[in-house]
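K.L.:
So here's protein13.txt (compact mmCIF, C-alpha atoms).
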```
# COMPACT_ATOMS: atom_id res chain seq x y z
CA MET L 847 0.00 0.00 0.00
CA THR L 848 1.48 3.35 -1.05
CA LEU L 849 0.29 6.46 0.68
CA PRO L 850 -0.02 9.73 -1.27
CA ASP L 851 2.46 12.59 -0.93
CA TYR L 852 1.98 15.27 1.72
CA ASP L 853 1.09 18.88 1.02
CA PRO L 854 4.45 20.67 1.05
CA LEU L 855 4.85 22.60 4.33
CA PRO L 856 8.21 24.19 5.12
CA LEU L 857 9.15 24.90 8.73
CA THR L 858 10.43 28.39 9.45
CA VAL L 859 11.94 29.31 12.82
CA SER L 860 12.95 32.92 13.26
CA ASP L 861 14.89 34.48 16.14
CA LEU L 862 13.56 31.91 18.61
CA SER L 863 14.30 32.07 22.33
CA LEU L 864 13.21 29.37 24.75
CA GLU L 865 13.49 28.72 28.42
CA ARG L 866 12.70 25.77 30.62
CA GLY L 867 11.69 26.32 34.23
CA GLY L 868 13.01 29.88 34.13
CA ILE L 869 16.40 28.86 32.74
CA PRO L 870 17.14 30.31 29.29
CA LEU L 871 18.18 27.49 26.95
CA ILE L 872 18.02 28.64 23.35
CA SER L 873 18.32 32.21 22.12
CA GLY L 874 18.18 33.79 18.71
CA LEU L 875 17.82 30.52 16.79
CA SER L 876 16.72 30.77 13.16
CA LEU L 877 16.41 27.89 10.76
CA ARG L 878 14.36 26.63 7.86
CA VAL L 879 13.50 23.05 6.97
CA GLU L 880 12.05 22.37 3.53
CA PRO L 881 9.64 19.51 2.72
CA GLY L 882 11.66 16.35 2.12
CA GLU L 883 14.48 17.47 4.38
CA ALA L 884 15.78 15.90 7.58
CA LEU L 885 17.35 17.99 10.31
CA VAL L 886 19.36 16.39 13.09
CA LEU L 887 19.75 18.48 16.24
CA LEU L 888 22.98 17.61 17.99
CA GLY L 889 24.16 18.83 21.34
CA ARG L 890 25.19 17.66 24.75
CA ASN L 891 22.75 16.81 27.56
CA GLY L 892 20.71 19.71 28.84
CA VAL L 893 21.40 22.04 25.94
CA GLY L 894 17.70 22.31 25.07
CA LYS L 895 17.09 19.74 22.33
CA THR L 896 13.92 18.36 23.91
CA THR L 897 12.70 21.86 24.77
CA LEU L 898 13.17 22.92 21.14
CA LEU L 899 11.23 19.87 19.90
CA ARG L 900 8.42 20.63 22.34
CA ALA L 901 8.29 24.21 21.07
CA LEU L 902 8.21 22.92 17.48
CA SER L 903 5.25 20.73 18.47
CA GLY L 904 3.37 23.82 19.67
CA VAL L 905 3.10 22.59 23.26
CA LEU L 906 5.64 25.01 24.70
CA ARG L 907 5.26 28.74 24.11
CA PRO L 908 8.48 30.52 23.05
CA VAL L 909 9.79 33.43 25.14
CA SER L 910 10.21 35.30 21.88
CA GLY L 911 10.49 34.56 18.19
CA ASP L 912 8.30 32.72 15.78
CA ILE L 913 7.71 29.13 14.60
CA ARG L 914 5.63 28.58 11.48
CA TYR L 915 4.58 25.63 9.34
CA GLY L 916 3.82 27.15 5.97
CA ASP L 917 2.23 30.45 6.97
CA THR L 918 0.52 29.26 10.15
CA PRO L 919 2.03 29.59 13.65
CA ALA L 920 2.99 26.25 15.18
CA ILE L 921 0.66 26.70 18.18
CA LYS L 922 -2.27 26.58 15.76
CA SER L 923 -1.13 24.15 13.11
CA ALA L 924 1.14 21.66 14.90
CA PRO L 925 -1.58 19.47 16.49
CA ALA L 926 -2.90 18.60 13.05
CA ILE L 927 0.38 18.02 11.23
CA CYS L 928 3.01 16.87 13.76
CA ALA L 929 3.74 13.39 15.01
CA PHE L 930 5.79 13.57 18.20
CA LEU L 931 7.99 10.84 19.65
CA GLY L 932 9.07 11.80 23.16
CA HIS L 933 11.36 10.07 25.64
CA ASP L 934 8.43 7.89 26.71
CA ASN L 935 6.91 5.52 24.23
CA ALA L 936 3.19 6.12 24.97
CA LEU L 937 2.58 2.38 25.13
CA LYS L 938 0.15 0.71 27.53
CA PRO L 939 1.52 -2.40 29.28
CA ASP L 940 -1.59 -4.46 28.49
CA GLU L 941 -1.87 -3.45 24.85
CA SER L 942 -0.14 -5.25 22.00
CA PRO L 943 1.54 -3.24 19.21
CA ARG L 944 -1.29 -4.26 16.87
CA GLN L 945 -4.00 -2.92 19.22
CA SER L 946 -2.04 0.21 19.99
CA LEU L 947 -1.39 0.99 16.31
CA ALA L 948 -5.03 0.41 15.40
CA PHE L 949 -5.98 2.89 18.12
CA TRP L 950 -3.55 5.61 17.05
CA ALA L 951 -4.54 5.17 13.40
CA ALA L 952 -8.22 5.56 14.28
CA LEU L 953 -7.44 8.60 16.45
CA SER L 954 -5.42 10.35 13.76
CA GLY L 955 -8.34 10.07 11.37
CA ARG L 956 -6.11 9.63 8.32
CA SER L 957 -5.63 6.58 6.18
CA ALA L 958 -2.98 4.33 7.64
CA ASP L 959 -1.10 1.21 6.65
CA ILE L 960 -0.84 -0.72 9.92
CA PRO L 961 0.69 -3.96 8.57
CA GLY L 962 3.12 -1.88 6.50
CA ALA L 963 4.15 0.14 9.57
CA MET L 964 4.73 -3.02 11.58
CA ALA L 965 6.75 -4.55 8.77
CA SER L 966 8.93 -1.49 8.31
CA MET L 967 9.86 -1.48 12.00
CA GLY L 968 10.30 -5.28 12.13
CA LEU L 969 7.38 -5.89 14.51
CA LYS L 970 5.66 -8.72 12.64
CA ALA L 971 6.60 -11.41 15.15
CA LEU L 972 5.77 -9.17 18.11
CA ALA L 973 2.43 -7.87 16.84
CA ASP L 974 0.30 -9.58 19.47
CA ARG L 975 2.65 -9.50 22.45
CA PRO L 976 1.54 -7.16 25.27
CA SER L 977 4.04 -4.33 25.47
CA ARG L 978 4.95 -5.08 29.09
CA ARG L 979 6.74 -8.12 27.64
CA LEU L 980 8.70 -6.15 25.01
CA SER L 981 12.32 -5.10 25.49
CA GLN L 982 13.31 -1.41 25.50
CA GLY L 983 14.38 -1.56 21.87
CA GLN L 984 11.20 -3.39 20.85
CA LYS L 985 9.11 -0.77 22.64
CA ARG L 986 10.95 1.98 20.76
CA ARG L 987 10.17 0.20 17.49
CA ALA L 988 6.50 0.03 18.44
CA ALA L 989 6.54 3.75 19.27
CA LEU L 990 8.18 4.54 15.91
CA ALA L 991 5.51 2.47 14.17
CA ARG L 992 2.95 4.70 15.91
CA ILE L 993 4.61 7.73 14.30
CA LEU L 994 4.23 5.95 10.95
CA VAL L 995 0.50 5.17 11.29
CA GLN L 996 -0.27 8.71 12.43
CA ASN L 997 0.60 9.60 8.84
CA ARG L 998 1.53 13.24 9.42
CA PRO L 999 3.92 15.38 7.37
CA VAL L 1000 6.13 16.56 10.25
CA TRP L 1001 8.00 14.08 12.46
CA LEU L 1002 9.53 15.37 15.68
CA LEU L 1003 11.69 12.62 17.15
CA ASP L 1004 13.45 12.84 20.50
CA GLU L 1005 16.36 10.38 20.71
CA PRO L 1006 14.60 8.04 18.26
CA ALA L 1007 17.46 5.56 17.99
CA ALA L 1008 18.74 5.46 21.56
CA PRO L 1009 17.69 1.90 22.51
CA LEU L 1010 17.68 0.47 18.96
CA ASP L 1011 20.07 -2.23 17.73
CA GLY L 1012 21.88 -2.04 14.39
CA GLU L 1013 18.99 -3.55 12.45
CA GLY L 1014 16.54 -1.19 14.16
CA ARG L 1015 18.67 1.80 13.21
CA GLU L 1016 18.76 0.69 9.58
CA LYS L 1017 14.99 0.29 9.57
CA LEU L 1018 14.55 3.72 11.13
CA SER L 1019 16.85 5.24 8.51
CA ALA L 1020 14.93 3.57 5.67
CA THR L 1021 11.62 4.72 7.16
CA VAL L 1022 12.84 8.29 7.45
CA THR L 1023 13.99 8.20 3.82
CA ALA L 1024 10.59 6.91 2.66
CA HIS L 1025 8.87 9.66 4.66
CA ARG L 1026 11.08 12.31 3.05
CA VAL L 1027 10.38 10.95 -0.44
CA ARG L 1028 6.69 11.63 0.23
CA GLY L 1029 7.53 15.27 0.99
CA GLY L 1030 7.53 14.91 4.77
CA LEU L 1031 10.06 16.55 7.01
CA VAL L 1032 11.88 15.07 9.99
CA ILE L 1033 13.50 16.84 12.91
CA ALA L 1034 15.36 14.57 15.30
CA ALA L 1035 17.19 15.41 18.51
CA THR L 1036 20.04 13.14 19.43
CA HIS L 1037 23.34 13.19 21.29
CA GLN L 1038 24.86 10.53 19.06
CA ALA L 1039 25.31 10.60 15.29
CA LEU L 1040 22.47 9.22 13.15
CA ASP L 1041 23.61 7.75 9.84
CA TRP L 1042 20.77 9.19 7.81
CA PRO L 1043 21.68 9.92 4.18
CA ASP L 1044 22.12 13.65 3.46
CA ALA L 1045 20.51 14.80 6.68
CA ARG L 1046 21.39 18.33 7.74
CA VAL L 1047 23.01 18.68 11.13
CA GLN L 1048 22.48 21.62 13.44
CA GLU L 1049 24.72 21.80 16.48
CA LEU L 1050 23.05 23.42 19.49
CA THR L 1051 25.32 25.23 21.91
CA ARG L 1052 24.61 27.31 24.94
CA MET I 581 -15.58 8.95 15.08
CA ARG I 582 -12.17 9.80 16.51
CA ALA I 583 -13.20 10.42 20.13
CA GLY I 584 -14.96 7.06 19.97
CA ALA I 585 -11.55 5.42 19.58
CA ILE I 586 -10.44 6.87 22.94
CA PHE I 587 -13.72 5.80 24.57
CA LEU I 588 -13.33 2.20 23.36
CA ARG I 589 -9.64 2.04 24.27
CA GLU I 590 -10.33 3.31 27.78
CA ALA I 591 -13.05 0.71 28.31
CA ARG I 592 -10.80 -2.04 26.91
CA LEU I 593 -7.84 -1.02 29.09
CA ALA I 594 -10.08 -0.92 32.17
CA PHE I 595 -10.76 -4.62 31.62
CA ALA I 596 -7.26 -5.56 30.50
CA GLY I 597 -5.29 -3.99 33.32
CA GLY I 598 -7.74 -3.11 36.06
CA GLY I 599 -10.25 -5.96 36.25
CA GLY I 600 -13.05 -3.77 34.87
CA PRO I 601 -15.93 -3.29 37.30
CA ALA I 602 -14.65 -5.84 39.84
CA ALA I 603 -12.46 -3.50 41.89
CA PRO I 604 -14.93 -0.65 42.57
CA ALA I 605 -17.81 -3.08 43.16
CA ALA I 606 -15.76 -5.22 45.56
CA PHE I 607 -14.57 -2.08 47.38
CA PHE I 608 -18.16 -0.84 47.71
CA ILE I 609 -19.45 -4.19 49.00
CA ALA I 610 -16.54 -4.59 51.42
CA SER I 611 -17.05 -1.15 52.97
CA LEU I 612 -20.83 -1.71 53.31
CA THR I 613 -20.19 -5.06 55.00
CA LEU I 614 -18.04 -3.39 57.64
CA VAL I 615 -20.66 -0.78 58.56
CA PRO I 616 -22.91 -2.95 60.82
CA LEU I 617 -19.80 -4.21 62.58
CA ALA I 618 -18.77 -0.63 63.32
CA ILE I 619 -22.06 1.14 64.13
CA GLY I 620 -23.93 -1.79 65.70
CA GLN I 621 -26.63 -4.11 64.46
CA SER I 622 -29.75 -2.36 65.69
CA PRO I 623 -32.18 -2.43 62.73
CA ALA I 624 -33.42 1.10 63.44
CA THR I 625 -29.88 2.53 63.42
CA LEU I 626 -28.94 0.69 60.23
CA GLN I 627 -32.10 1.78 58.43
CA ALA I 628 -31.60 5.41 59.44
CA ALA I 629 -27.90 5.44 58.56
CA GLY I 630 -28.28 3.32 55.40
CA PRO I 631 -28.78 5.95 52.67
CA GLY I 632 -25.96 8.19 53.94
CA VAL I 633 -23.51 5.38 54.50
CA ILE I 634 -24.23 3.89 51.08
CA CYS I 635 -23.67 7.23 49.32
CA PHE I 636 -20.44 7.78 51.19
CA ALA I 637 -19.17 4.28 50.36
CA ALA I 638 -20.08 4.85 46.70
CA LEU I 639 -17.93 8.01 46.68
CA LEU I 640 -15.02 6.00 48.07
CA ALA I 641 -15.55 3.37 45.37
CA VAL I 642 -15.43 6.07 42.67
CA LEU I 643 -12.27 7.52 44.22
CA GLN I 644 -10.34 4.27 44.41
CA GLY I 645 -9.64 4.01 40.67
CA ALA I 646 -9.10 7.72 40.08
CA GLU I 647 -5.32 7.86 40.29
CA ARG I 648 -4.99 5.66 37.21
CA LEU I 649 -7.27 7.83 35.09
CA PHE I 650 -4.69 10.46 34.05
CA GLY I 651 -1.65 9.49 36.12
CA GLU I 652 -0.59 6.67 33.81
CA ASP I 653 -1.07 8.81 30.69
CA VAL I 654 1.23 11.48 32.11
CA VAL I 655 3.93 9.01 33.11
CA ASP I 656 4.00 6.89 29.94
CA GLY I 657 3.89 9.77 27.44
CA THR I 658 0.34 9.11 26.20
CA LEU I 659 -0.88 12.53 27.34
CA GLU I 660 1.83 14.18 25.22
CA ALA I 661 0.57 12.26 22.19
CA TYR I 662 -3.07 13.10 23.02
CA GLY I 663 -2.04 16.76 23.15
CA LEU I 664 -0.96 16.47 19.51
CA SER I 665 -3.89 14.32 18.39
CA GLY I 666 -5.70 17.35 16.97
CA LEU I 667 -8.66 16.68 19.29
CA PRO I 668 -9.35 19.28 21.99
CA LEU I 669 -8.23 17.97 25.39
CA SER I 670 -11.75 18.55 26.72
CA VAL I 671 -13.05 16.02 24.18
CA VAL I 672 -10.24 13.61 25.13
CA ALA I 673 -11.31 14.05 28.77
CA ILE I 674 -14.99 13.33 28.05
CA ALA I 675 -14.12 10.20 26.06
CA LYS I 676 -11.71 8.94 28.71
CA VAL I 677 -14.03 9.54 31.68
CA LEU I 678 -17.11 8.10 29.98
CA GLY I 679 -15.15 5.07 28.76
CA SER I 680 -13.81 4.26 32.18
CA VAL I 681 -17.09 5.06 34.00
CA LEU I 682 -19.19 2.85 31.78
CA ALA I 683 -16.67 0.02 32.01
CA THR I 684 -16.04 0.14 35.75
CA LEU I 685 -18.80 1.91 37.70
CA TRP I 686 -22.01 0.45 36.29
CA PRO I 687 -22.48 -2.09 39.14
CA LEU I 688 -22.52 0.60 41.85
CA PRO I 689 -26.27 1.44 41.66
CA LEU I 690 -27.03 -2.31 41.76
CA VAL I 691 -24.82 -2.76 44.82
CA GLY I 692 -26.55 0.31 46.30
CA LEU I 693 -29.94 -1.34 45.73
CA GLY I 694 -28.85 -4.57 47.39
CA GLY I 695 -27.15 -2.63 50.18
CA GLY I 696 -30.27 -0.56 50.81
CA ILE I 697 -32.41 -3.68 51.17
CA ALA I 698 -29.79 -5.31 53.41
CA PHE I 699 -29.78 -2.22 55.65
CA GLY I 700 -33.56 -2.64 56.09
CA LEU I 701 -34.89 0.04 53.72
CA PRO I 702 -38.23 -0.74 52.05
CA VAL I 703 -37.77 -1.86 48.44
CA GLU I 704 -39.16 1.43 47.04
CA ALA I 705 -36.73 3.45 49.15
CA ALA I 706 -33.80 1.25 48.16
CA GLY I 707 -34.90 1.64 44.52
CA MET I 708 -35.04 5.44 44.88
CA LEU I 709 -31.56 5.40 46.43
CA ALA I 710 -30.22 3.26 43.57
CA LEU I 711 -31.79 5.62 41.05
CA ALA I 712 -30.24 8.63 42.78
CA LEU I 713 -26.88 6.85 42.82
CA ALA I 714 -27.15 6.13 39.10
CA ALA I 715 -27.85 9.84 38.54
CA ALA I 716 -25.02 10.95 40.79
CA ILE I 717 -22.26 8.69 39.50
CA PRO I 718 -21.51 10.54 36.23
CA GLY I 719 -21.16 13.80 38.18
CA LEU I 720 -19.04 12.14 40.85
CA ALA I 721 -16.82 10.55 38.22
CA PHE I 722 -16.27 13.87 36.44
CA LEU I 723 -15.46 15.83 39.58
CA VAL I 724 -13.09 13.10 40.70
CA ALA I 725 -11.56 13.34 37.22
CA ILE I 726 -10.87 17.08 37.78
CA ALA I 727 -8.96 16.17 40.93
CA ALA I 728 -7.20 13.34 39.08
CA ALA I 729 -6.12 15.69 36.28
CA LEU I 730 -4.85 18.30 38.77
CA SER I 731 -2.74 15.73 40.60
CA ALA I 732 -1.74 13.62 37.58
CA GLY I 733 1.84 12.44 37.79
CA ALA I 734 2.28 13.79 41.33
CA ARG I 735 3.66 11.52 44.03
CA ARG I 736 0.94 10.26 46.39
CA GLY I 737 -1.61 11.56 43.90
CA GLY I 738 -4.37 9.43 45.43
CA LEU I 739 -4.31 11.43 48.65
CA VAL I 740 -4.40 14.74 46.77
CA ILE I 741 -7.34 13.50 44.69
CA ALA I 742 -9.37 12.67 47.82
CA LEU I 743 -8.59 16.07 49.38
CA ILE I 744 -9.65 17.99 46.25
CA ALA I 745 -12.69 15.89 45.44
CA ALA I 746 -14.25 15.65 48.93
CA PRO I 747 -15.51 19.24 49.23
CA LEU I 748 -16.71 19.24 45.60
CA ALA I 749 -18.77 16.13 46.32
CA ILE I 750 -20.87 17.78 49.07
CA PRO I 751 -23.97 18.68 46.98
CA LEU I 752 -24.17 15.23 45.41
CA MET I 753 -23.77 13.53 48.80
CA VAL I 754 -26.53 15.68 50.34
CA PHE I 755 -29.09 15.23 47.57
CA THR I 756 -28.43 11.54 46.85
CA ALA I 757 -28.65 10.50 50.49
CA SER I 758 -31.68 12.74 51.06
CA ALA I 759 -33.50 11.08 48.16
CA GLY I 760 -33.05 7.69 49.83
CA ARG I 761 -33.91 8.97 53.32
CA ALA I 762 -37.02 10.82 52.18
CA ALA I 763 -38.26 7.75 50.30
CA ASP I 764 -37.65 5.67 53.43
CA ILE I 765 -39.99 7.81 55.56
CA GLY I 766 -42.49 8.20 52.70
CA ASN I 767 -41.76 11.90 52.25
CA ALA I 768 -42.62 13.50 48.90
CA ALA I 769 -39.27 15.30 48.92
CA ALA I 770 -37.68 12.12 47.55
CA SER I 771 -38.34 12.91 43.90
CA ALA I 772 -37.34 16.55 44.40
CA ASN I 773 -34.01 15.36 45.78
CA LEU I 774 -33.63 12.95 42.88
CA LEU I 775 -34.16 15.83 40.43
CA LEU I 776 -31.63 17.97 42.28
CA THR I 777 -29.15 15.10 42.10
CA CYS I 778 -29.71 14.92 38.33
CA ALA I 779 -29.25 18.68 38.02
CA VAL I 780 -25.98 18.81 39.97
CA SER I 781 -24.67 15.74 38.15
CA LEU I 782 -25.48 17.27 34.74
CA PHE I 783 -23.88 20.56 35.77
CA LEU I 784 -20.66 18.78 36.77
CA THR I 785 -20.68 16.60 33.65
CA ALA I 786 -21.07 19.63 31.40
CA LEU I 787 -18.45 21.89 33.03
CA SER I 788 -15.80 19.44 34.26
CA PRO I 789 -14.29 18.68 30.83
CA PHE I 790 -13.10 22.29 30.56
CA ALA I 791 -11.52 22.20 34.01
CA ILE I 792 -9.88 18.85 33.20
CA SER I 793 -8.58 20.22 29.91
CA ALA I 794 -7.05 23.27 31.64
CA ALA I 795 -5.38 21.03 34.22
CA LEU I 796 -3.96 18.70 31.56
CA LYS I 797 -2.70 21.61 29.47
CA ALA I 798 -0.84 22.99 32.47
CA ARG I 799 0.66 19.53 32.95
CA LEU I 800 1.86 19.41 29.32
CA GLU I 801 3.69 22.76 29.34
```
Would you mind writing the file out in structure tokens?
P.N.:
Amino acid sequence: MTLPDYDPLPLTVSDLSLERGGIPLISGLSLRVEPGEALVLLGRNGVGKTTLLRALSGVLRPVSGDIRYGDTPAIKSAPAICAFLGHDNALKPDESPRQSLAFWAALSGRSADIPGAMASMGLKALADRPSRRLSQGQKRRAALARILVQNRPVWLLDEPAAPLDGEGREKLSATVTAHRVRGGLVIAATHQALDWPDARVQELTR
Amino acid sequence: MRAGAIFLREARLAFAGGGGPAAPAAFFIASLTLVPLAIGQSPATLQAAGPGVICFAALLAVLQGAERLFGEDVVDGTLEAYGLSGLPLSVVAIAKVLGSVLATLWPLPLVGLGGGIAFGLPVEAAGMLALALAAAIPGLAFLVAIAAALSAGARRGGLVIALIAAPLAIPLMVFTASAGRAADIGNAAASANLLLTCAVSLFLTALSPFAISAALKARLE
């Protein structure tokens, strides 16, 4: 099953300043991510990678500056176009990946390819195992499959590859490439290099 | 229907991880069983205390599952994903509360009916009490959900929930118990109290989702 391309929506960040709990983290950041691009945010612990992703998802209000998808401010548009993978996997211990993916697909209200998402993250054999019996890496795969079935143009991924093994990383990389081919954009925060082909890297410093 | 997906999931998870209606019903029955041991077995005392004690025990039964309602979603990252689902959080709250109420709290009016008869109320009075309980439970569940959303993710959240919810529960306690008591002594005020219970319960059901949504939003930021 092939899903249609996304409407092209560039991300524009201009002169953005953020703080977390009163501590200023990011100041004067400007960047632009075009449809089909991947941006990897690198930086050491505590530099504000997660805070920036949360601001890009419209949950956190910037101290100053502007975040827009197309022409619309992120606070308005993000809930309809972003898929967010946080530190936690949003899995329920008593739900299997299959049940969980069916739920998130129904909630997103867009067409979704659940078997395809499970296959691309290598979950076929684990489809009916309750997630309390999955390993950390397997849980991360299930969470990434959720991002896939949500079928949204903007992926915001916080340490997507941290618990993944080599095969998992390859699958993630292939999935990201397929998403970009459809005109989607990916922004990932990580403290270790991700071997994604021609991904832009932005180093965050204090 | 996208909110329907949350409703169904909540009901399914209540059975998968929480035993569905078993826990609140067992809690309700256990507390009612202890009452005669504590206040004495005189039939007149039990009959007089019955409606009030049953309402109070029902409130405790509603409270006992409250910590799970939003606490788990905050801790496991589900709330974050709900925040980006495109649905307003008030709609998420309605779907979640209704899903868990219908899956877990439906036996409470039946237990209240049996409890009323066991405490020596006439069948009509026990029936009136059960009816008032059925009317009160949605309101109780929503106001407990406000407290659960305010304390979601906090340590010892259960205690905080009880402290926030208790004063809010006063009107429902008064009217529900009065409906049962008035029916017991054949007073016409029974149906008036039942209507007041319905009114308060509807009021709470209609307004709580906005309070829950505000509490969850504050939790997300």
K.L.:
Would you kindly report the residues of chain L within 10 Å of chain I, using only C-alpha atoms, as JSON, numbers by chain?
P.N.:
{"L": [866, 900, 901, 903, 904, 905, 906, 907, 922, 923, 924, 925, 926, 927, 928, 929, 930, 931, 932, 933, 934, 935, 936, 937, 938, 939, 940, 941, 945, 946, 948, 949, 950, 951, 952, 953, 954, 955, 993, 996]}
K.L.:
Tell me, as a compact mmCIF listing (two decimals) with C-alpha atoms, in the coordinates of the input, which residues lie within 10 Å of I:Ser793, counting only C-alpha atoms; anything in the same chain fewer than 6 positions away does not count.
P.N.:
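Once everything was written out, this is part19.txt:
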```
# COMPACT_ATOMS: atom_id res chain seq x y z
CA PRO I 668 -9.35 19.28 21.99
CA LEU I 669 -8.23 17.97 25.39
CA SER I 670 -11.75 18.55 26.72
CA VAL I 671 -13.05 16.02 24.18
CA VAL I 672 -10.24 13.61 25.13
CA ALA I 673 -11.31 14.05 28.77
CA ILE I 674 -14.99 13.33 28.05
CA ILE I 726 -10.87 17.08 37.78
CA ALA I 729 -6.12 15.69 36.28
CA LEU I 730 -4.85 18.30 38.77
CA ARG I 799 0.66 19.53 32.95
```
K.L.:
As lines of an AutoDock Vina configuration file, what would the box around stretch 924-929 of chain L look like: edges along x, y and z, 8 Å added on every side, centre and edge lengths in Å to one decimal?
P.N.:
```
center_x = 0.4
center_y = 17.5
center_z = 13.9
size_x = 22.6
size_y = 24.3
size_z = 21.3
```
K.L.:
So the first atom is atom CA of L:Gly894 and the second is atom CA of L:Glu865; what is the distance between them in Å, to one decimal place?
P.N.:
8.4 Å
K.L.:
Env of L:Ala991: 9 Å cut, atoms = all atoms listed in the file, seq-sep filter 5 positions within chain, self excluded. Answer as a list of chain:residue names.
P.N.:
L:Pro943, L:Leu947, L:Ile960, L:Ala963, L:Met964, L:Ala965, L:Ser966, L:Met967, L:Leu969, L:Arg986, L:Gln996
K.L.:
When you look at I:Ile744 with a cut-off of 9 Å (counting all atoms listed in the file), what residues show up, excluding the ones that are within fewer than 4 positions of it in the same chain? I need them as a PyMOL selection string.
P.N.:
chain I and resi 724+726-728+730+739-740+748
K.L.:
Find, counting only C-alpha atoms, the residue in I:Ala706, I:Leu787, I:Leu752, I:Ala772 that gets nearest to I:Leu639.
P.N.:
I:Leu752
K.L.:
For atom CA of I:Leu685 and atom CA of I:Ala628, quote the distance in Å rounded to one decimal.
P.N.:
25.5 Å
K.L.:
Quick one: distance from atom CA of I:Leu723 to atom CA of I:Gly600 in Å, one decimal?
P.N.:
20.3 Å
K.L.:
Do you know which residues are at most 9 Å from stretch 709-715 of chain I counting all atoms listed in the file, after dropping those on the same chain fewer than 5 positions away, and could you put them as number ranges by chain?
P.N.:
I: 631, 634-635, 638, 686, 688-694, 696, 704, 755-761, 763, 773-775, 777-779, 781-782
K.L.:
Take the point (-1.1, 1.2, 6.5) as written in the file and pick out every residue within 9 Å of it, counting only C-alpha atoms; give the list as a PDB file with C-alpha atoms, in the frame of the given file.
P.N.:
```
ATOM      1  CA  MET L 847       0.000   0.000   0.000  1.00  0.00           C
ATOM      2  CA  THR L 848       1.480   3.350  -1.050  1.00  0.00           C
ATOM      3  CA  LEU L 849       0.290   6.460   0.680  1.00  0.00           C
ATOM      4  CA  ALA L 951      -4.540   5.170  13.400  1.00  0.00           C
ATOM      5  CA  SER L 957      -5.630   6.580   6.180  1.00  0.00           C
ATOM      6  CA  ALA L 958      -2.980   4.330   7.640  1.00  0.00           C
ATOM      7  CA  ASP L 959      -1.100   1.210   6.650  1.00  0.00           C
ATOM      8  CA  ILE L 960      -0.840  -0.720   9.920  1.00  0.00           C
ATOM      9  CA  PRO L 961       0.690  -3.960   8.570  1.00  0.00           C
ATOM     10  CA  GLY L 962       3.120  -1.880   6.500  1.00  0.00           C
ATOM     11  CA  ALA L 963       4.150   0.140   9.570  1.00  0.00           C
ATOM     12  CA  MET L 964       4.730  -3.020  11.580  1.00  0.00           C
ATOM     13  CA  LEU L 994       4.230   5.950  10.950  1.00  0.00           C
ATOM     14  CA  VAL L 995       0.500   5.170  11.290  1.00  0.00           C
ATOM     15  CA  ASN L 997       0.600   9.600   8.840  1.00  0.00           C
TER      16      ASN L 997
END
```
K.L.:
Give me, as a list in words, all polymer residues having an atom no more than 9 Å from L:Glu1049, counting only C-alpha atoms and skipping those fewer than 2 positions away in the same chain.
P.N.:
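In the requested format, the answer is Val886, Leu887, Leu888, Gly889, Val1047 and Thr1051 of chain L.
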K.L.:
Check the smallest atom-to-atom distance from each of L:Val1022, L:Ala1045, L:Val1027, L:Leu1002 to L:Pro881 using all atoms listed in the file, then report the winner.
P.N.:
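Between L:Val1022, L:Ala1045, L:Val1027, L:Leu1002, the residue approaching L:Pro881 most closely is L:Val1027.
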K.L.:
My list of candidates is I:Phe790, I:Phe607, I:Phe699, I:Phe783. Which is closest to I:Val642 when distances are computed with all atoms listed in the file?
P.N.:
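Under the stated criterion, the closest residue is I:Phe607.
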K.L.:
Given the choices I:Val677, I:Ala641, I:Ala725, I:Leu626, which gets closest to I:Phe608 if the distance is worked out from only C-alpha atoms?
P.N.:
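That would be I:Ala641, the residue with the smallest distance to I:Phe608.
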K.L.:
Would you kindly place N, CA and C atoms on stretch 898-905 of chain L and return the model as an mmCIF file, keeping the file's coordinate frame?
P.N.:
```
data_model
loop_
_atom_site.group_PDB
_atom_site.id
_atom_site.type_symbol
_atom_site.label_atom_id
_atom_site.label_comp_id
_atom_site.auth_asym_id
_atom_site.auth_seq_id
_atom_site.Cartn_x
_atom_site.Cartn_y
_atom_site.Cartn_z
ATOM 1 N N LEU L 898 13.392 22.415 22.498
ATOM 2 C CA LEU L 898 13.170 22.920 21.140
ATOM 3 C C LEU L 898 12.116 22.069 20.416
ATOM 4 N N LEU L 899 12.220 20.733 20.557
ATOM 5 C CA LEU L 899 11.230 19.870 19.900
ATOM 6 C C LEU L 899 9.824 20.152 20.434
ATOM 7 N N ARG L 900 9.730 20.356 21.754
ATOM 8 C CA ARG L 900 8.420 20.630 22.340
ATOM 9 C C ARG L 900 7.865 21.956 21.835
ATOM 10 N N ALA L 901 8.750 22.936 21.632
ATOM 11 C CA ALA L 901 8.290 24.210 21.070
ATOM 12 C C ALA L 901 7.842 24.014 19.627
ATOM 13 N N LEU L 902 8.593 23.182 18.872
ATOM 14 C CA LEU L 902 8.210 22.920 17.480
ATOM 15 C C LEU L 902 6.864 22.208 17.405
ATOM 16 N N SER L 903 6.535 21.439 18.466
ATOM 17 C CA SER L 903 5.250 20.730 18.470
ATOM 18 C C SER L 903 4.125 21.627 18.954
ATOM 19 N N GLY L 904 4.431 22.885 19.287
ATOM 20 C CA GLY L 904 3.370 23.820 19.670
ATOM 21 C C GLY L 904 2.923 23.696 21.112
ATOM 22 N N VAL L 905 3.519 22.786 21.877
ATOM 23 C CA VAL L 905 3.100 22.590 23.260
ATOM 24 C C VAL L 905 3.679 23.678 24.155
#
```
